[in-house]
Amino acid sequence: MWYLWTNTETLLDACFSSDTSYLATPGGLIVLVGNSINRIITKLDGLKGTDVLSVSCKNGLWVLSGGALQYYKNGKFQTVDLIAFDDPEEVLNGKRIRSLGDFLFILGKSKVMVYKISESTEVILNFRFSKPKFLEIFEDSVFVGDTMGLYKAKYDNFVRWDTLFHGYPVFSAVKHPTMGWLIGTDNGVKDISGTTLWLSGKIIRFLSLRGDTVYLATDSSLYVIPPPSYSPSKLLDGYVSYLSEKFFGLGKINTPYYMFGRGIYKLSNMQRIITGGLPYTTITGMVLVGDTLISCGRGDYYACAVWPSGKTFGFGITNFIRKFKDKVLVLGLNGGGLVLLLMENDSFTDTVIFTPSRLGGFSYVFDMAVLKDTIYFVAWEPSGNSKLFKLGLKVGDSISDTVLTEVLTDYATDILYSVEDKIIICGQGKCKFYSSDLNFYSSLDVKANVVYNHGDTLLFGTDDGVEMYSLKSLGYLGKILAGNVITGLWVGLNGSVWASGSMGLARFDGKSLKIYSPENSPIPGISISPSPLYPIRFSLLPDLKNGRIFVATEKGIGIFQDSSVLSGWWNKVKVYPNPAPKGKEVKILNCPPNSTLKIFTPSGFEIKRVQGCSFKNDLAPGFYFIGLEGLERRIVIKFVSVER
């Protein structure tokens, strides 16, 4: 098991060794050699956490993540025994690490710690800092800024701390070659005497030097202060997540589950580094196009990314992405309407956008379903009313002649699902059942996050496990995984139920339950719980061709690869209905995607071939064999065609 890195568009820290730079991001540690990305170090390489908070290159490579403090030795990452510290959470929620000589300095959650590397012990500091905010090493000394000032100590003598500056919170500091100490406070940049030099009244988060030129970042802008005038000039607006003499990062981390990155840039020429990752980790949809994974989420305008190429595209915050007939991608936007993209050879050759005005103000598009080759989608208006739309779509060289029809109006509907000749519409704690002509005939009181069916069993992922009902009678069959928020469902080819959600990834085979979580596996995180305003679903996507499952979490996309994903699928394949009346659609249950069906006479003569897992029975009454070819395996099923 391993995972796809995401959210490498937010820079949190950096260090430099020779011509190699190491960039700490919430999606992994970027190794930059010269001007090119050499690789992304992730859990696949032995990191304990996907979110790299800080990095130090002196005296070896040290990495601080939300999972561990580690150093690189003999080709492997070694974990520092956190028992040596008073409170491991101080380290795992730390802000910065720096090393010098035999010591590692840690700016923790609320205090400063010192670790003696050769003895693997903590050095007790007698000096008590007041909510420290800044830690850096200059020459042979360590500097710490807190809410009261800036302090200095020789790296081998931590008993004595000299006060360099007092009276203001210190967020950053640099020593200018001619002006001396420049100190970033909550009231502008000050010199050592407390005199305000620039930007009075603004919080100075970062200060950096390139020669004599000063760069600084406030909460909302990046400035340059060049010699000889030393007059501040704004370079750009935006939240700067990190600033050094070589790099700066744009972005904002609102919560641990809602991260936005807007790029990593070289300070020298403002050139953006293409990291190949998503600028966020809140993933709302995934589709496979061949071996290419396309995922979308709640990033900014470029909210979709392509793996493994790392290309990004988008039209705004995306609530879902689905695939229609293998050539059309459908994107539901959060306030921007609906987008159709026609794909040819992994490129988009045609685009149709249904803007909010074309949808009559119902611009928050939350879900879609396909029934009888017709796309249905549900959209909200700001007041909470929802409307069901139908798309008449012919897939050819163009999709521009798409016909839009308004079908049904309801309140706060946000889930659509189709099965056989039924469409299921869920919202506000109830799922309603409609026939193919959209006549209502029944409902269930179930608060669904995701819906899935397997044969005659309907599975609803809820905030309290998976509820199961009979598709025919709608009778209650039972519950599994109670107490867990479920946002993704799939029934494997051997009949096991796979679910993703607040517990991680779970597999239930009817007798035993196996849970893969961030604690016991390299899955980077857990699926995000849905909310009424921003439902997060579709966090599980099977890739049967390669025997793996993609799991969307708040810290990246996990990839579970195991023989159990494919185990015994051929034993579960069935034809339904069988016998089948002439003119009836025949389905192959548990059929792998991208399969080929070949129909033979008893004498072995092939009379029909279709791509997919179903076909219309236009065969004369009689006995036939169906050959199914998929996932590099072929099976033969007996089939009988009868009169109507």
# chains A, B, ... in the order shown; residues from 1 in each chain; ligands from 1

call {"tool": "select_by_dssp", "arguments": {"residues": "stretch 526-564 of chain A", "states": "helix (DSSP H, G or I)", "output": "list of chain:residue names"}}
result
A:Leu544, A:Lys545, A:Asn546, A:Ser563, A:Ser564

call {"tool": "write_last_selection", "arguments": {"atoms": "C-alpha atoms", "output": "CSV table (one decimal), in the first residue's frame"}}
result
chain,number,residue,atom,x,y,z
A,544,LEU,CA,-9.8,-3.3,-11.2
A,545,LYS,CA,-7.5,-3.4,-14.1
A,546,ASN,CA,-4.6,-2.9,-11.7
A,563,SER,CA,-4.8,-9.5,-4.1
A,564,SER,CA,-8.1,-9.4,-2.1

call {"tool": "closest_atom_pairs", "arguments": {"of": "stretch 548-574 of chain A", "to": "stretch 587-603 of chain A", "cutoff": "10 Å", "atoms": "only C-alpha atoms", "output": "Markdown table"}}
result
| residue | atom | partner | partner_atom | distance |
| --- | --- | --- | --- | --- |
| A:Leu566 | CA | A:Pro592 | CA | 9.6 |
| A:Trp569 | CA | A:Asn590 | CA | 7.3 |
| A:Trp570 | CA | A:Asn590 | CA | 8.3 |
| A:Asn571 | CA | A:Asn590 | CA | 9.4 |
| A:Lys572 | CA | A:Asn590 | CA | 6.3 |
| A:Val573 | CA | A:Asn590 | CA | 5.2 |
| A:Lys574 | CA | A:Leu589 | CA | 5.2 |

call {"tool": "residues_around", "arguments": {"residues": "A:Tyr434", "least_positions_apart": "5", "cutoff": "8 Å", "atoms": "only C-alpha atoms", "output": "list in words"}}
result
Lys422, Ile423, Ile424, Ile425, Asn439, Phe440, Tyr441 and Ser442 of chain A

call {"tool": "write_last_selection", "arguments": {"atoms": "C-alpha atoms", "output": "tab-separated table (two decimals), in the first residue's frame"}}
result
chain	number	residue	atom	x	y	z
A	422	LYS	CA	-35.01	3.39	-10.84
A	423	ILE	CA	-33.57	6.71	-9.77
A	424	ILE	CA	-32.94	7.48	-6.11
A	425	ILE	CA	-32.93	11.08	-4.85
A	439	ASN	CA	-43.08	8.99	-10.95
A	440	PHE	CA	-42.58	8.80	-7.17
A	441	TYR	CA	-43.44	5.45	-5.59
A	442	SER	CA	-41.66	5.09	-2.22

call {"tool": "residues_around", "arguments": {"residues": "stretch 201-209 of chain A", "least_positions_apart": "5", "cutoff": "7 Å", "atoms": "only C-alpha atoms", "output": "number ranges by chain"}}
result
A: 171-174, 184-189, 214-219, 243-245

call {"tool": "write_last_selection", "arguments": {"atoms": "N, CA and C atoms", "output": "compact mmCIF listing (two decimals), in the first residue's frame"}}
result
# COMPACT_ATOMS: atom_id res chain seq x y z
N PHE A 171 7.90 37.84 15.17
CA PHE A 171 7.53 36.77 14.24
C PHE A 171 8.67 36.37 13.32
N SER A 172 9.65 37.27 13.13
CA SER A 172 10.76 37.00 12.23
C SER A 172 11.88 37.99 12.50
N ALA A 173 13.08 37.64 12.04
CA ALA A 173 14.23 38.54 12.23
C ALA A 173 15.33 38.16 11.24
N VAL A 174 16.06 39.16 10.75
CA VAL A 174 17.24 38.94 9.91
C VAL A 174 18.27 40.00 10.28
N GLY A 184 10.68 41.62 12.64
CA GLY A 184 9.28 41.64 12.24
C GLY A 184 8.37 41.48 13.45
N THR A 185 7.54 42.47 13.70
CA THR A 185 6.66 42.48 14.87
C THR A 185 5.20 42.59 14.42
N ASP A 186 4.30 42.75 15.39
CA ASP A 186 2.89 42.96 15.07
C ASP A 186 2.59 44.43 14.78
N ASN A 187 3.65 45.25 14.73
CA ASN A 187 3.49 46.68 14.44
C ASN A 187 4.61 47.14 13.51
N GLY A 188 4.81 46.37 12.42
CA GLY A 188 5.79 46.75 11.43
C GLY A 188 7.17 46.19 11.69
N VAL A 189 8.13 46.62 10.84
CA VAL A 189 9.53 46.21 10.96
C VAL A 189 10.25 47.24 11.84
N VAL A 214 15.83 43.63 1.00
CA VAL A 214 14.96 43.06 2.03
C VAL A 214 13.63 42.63 1.39
N TYR A 215 13.20 41.43 1.72
CA TYR A 215 11.86 40.96 1.35
C TYR A 215 11.09 40.71 2.64
N LEU A 216 9.82 41.04 2.62
CA LEU A 216 9.01 40.78 3.80
C LEU A 216 7.58 40.46 3.39
N ALA A 217 6.89 39.73 4.28
CA ALA A 217 5.51 39.34 4.02
C ALA A 217 4.64 39.71 5.20
N THR A 218 3.52 40.35 4.91
CA THR A 218 2.49 40.61 5.91
C THR A 218 1.42 39.52 5.79
N ASP A 219 0.29 39.72 6.46
CA ASP A 219 -0.78 38.75 6.35
C ASP A 219 -1.41 38.71 4.96
N LEU A 243 8.64 32.24 3.57
CA LEU A 243 9.52 33.10 2.80
C LEU A 243 10.96 32.87 3.25
N SER A 244 11.84 32.64 2.27
CA SER A 244 13.27 32.51 2.56
C SER A 244 14.03 33.27 1.49
N GLU A 245 15.36 33.20 1.51
CA GLU A 245 16.15 33.93 0.53
C GLU A 245 16.04 33.31 -0.87

call {"tool": "residues_around", "arguments": {"residues": "A:Ile480", "least_positions_apart": "4", "cutoff": "10 Å", "atoms": "only C-alpha atoms", "output": "PyMOL selection string"}}
result
chain A and resi 461+464-468+484+497+508+510+513

call {"tool": "write_last_selection", "arguments": {"atoms": "C-alpha atoms", "output": "mmCIF file, in the first residue's frame"}}
result
data_model
loop_
_atom_site.group_PDB
_atom_site.id
_atom_site.type_symbol
_atom_site.label_atom_id
_atom_site.label_comp_id
_atom_site.auth_asym_id
_atom_site.auth_seq_id
_atom_site.Cartn_x
_atom_site.Cartn_y
_atom_site.Cartn_z
ATOM 1 C CA GLY A 461 -23.261 5.082 3.687
ATOM 2 C CA ASP A 464 -23.493 5.927 11.554
ATOM 3 C CA GLY A 465 -22.244 3.099 9.392
ATOM 4 C CA VAL A 466 -23.603 1.270 6.354
ATOM 5 C CA GLU A 467 -27.355 0.556 6.265
ATOM 6 C CA MET A 468 -28.517 -2.209 3.915
ATOM 7 C CA ASN A 484 -18.374 5.479 11.547
ATOM 8 C CA VAL A 497 -17.906 -4.745 1.250
ATOM 9 C CA PHE A 508 -16.007 -6.690 5.568
ATOM 10 C CA GLY A 510 -19.476 -11.168 6.022
ATOM 11 C CA LEU A 513 -13.711 -6.916 9.550
#

call {"tool": "atom_distance", "arguments": {"atom1": "atom CA of A:Leu340", "atom2": "atom CA of A:Asp397"}}
result
13.3 Å
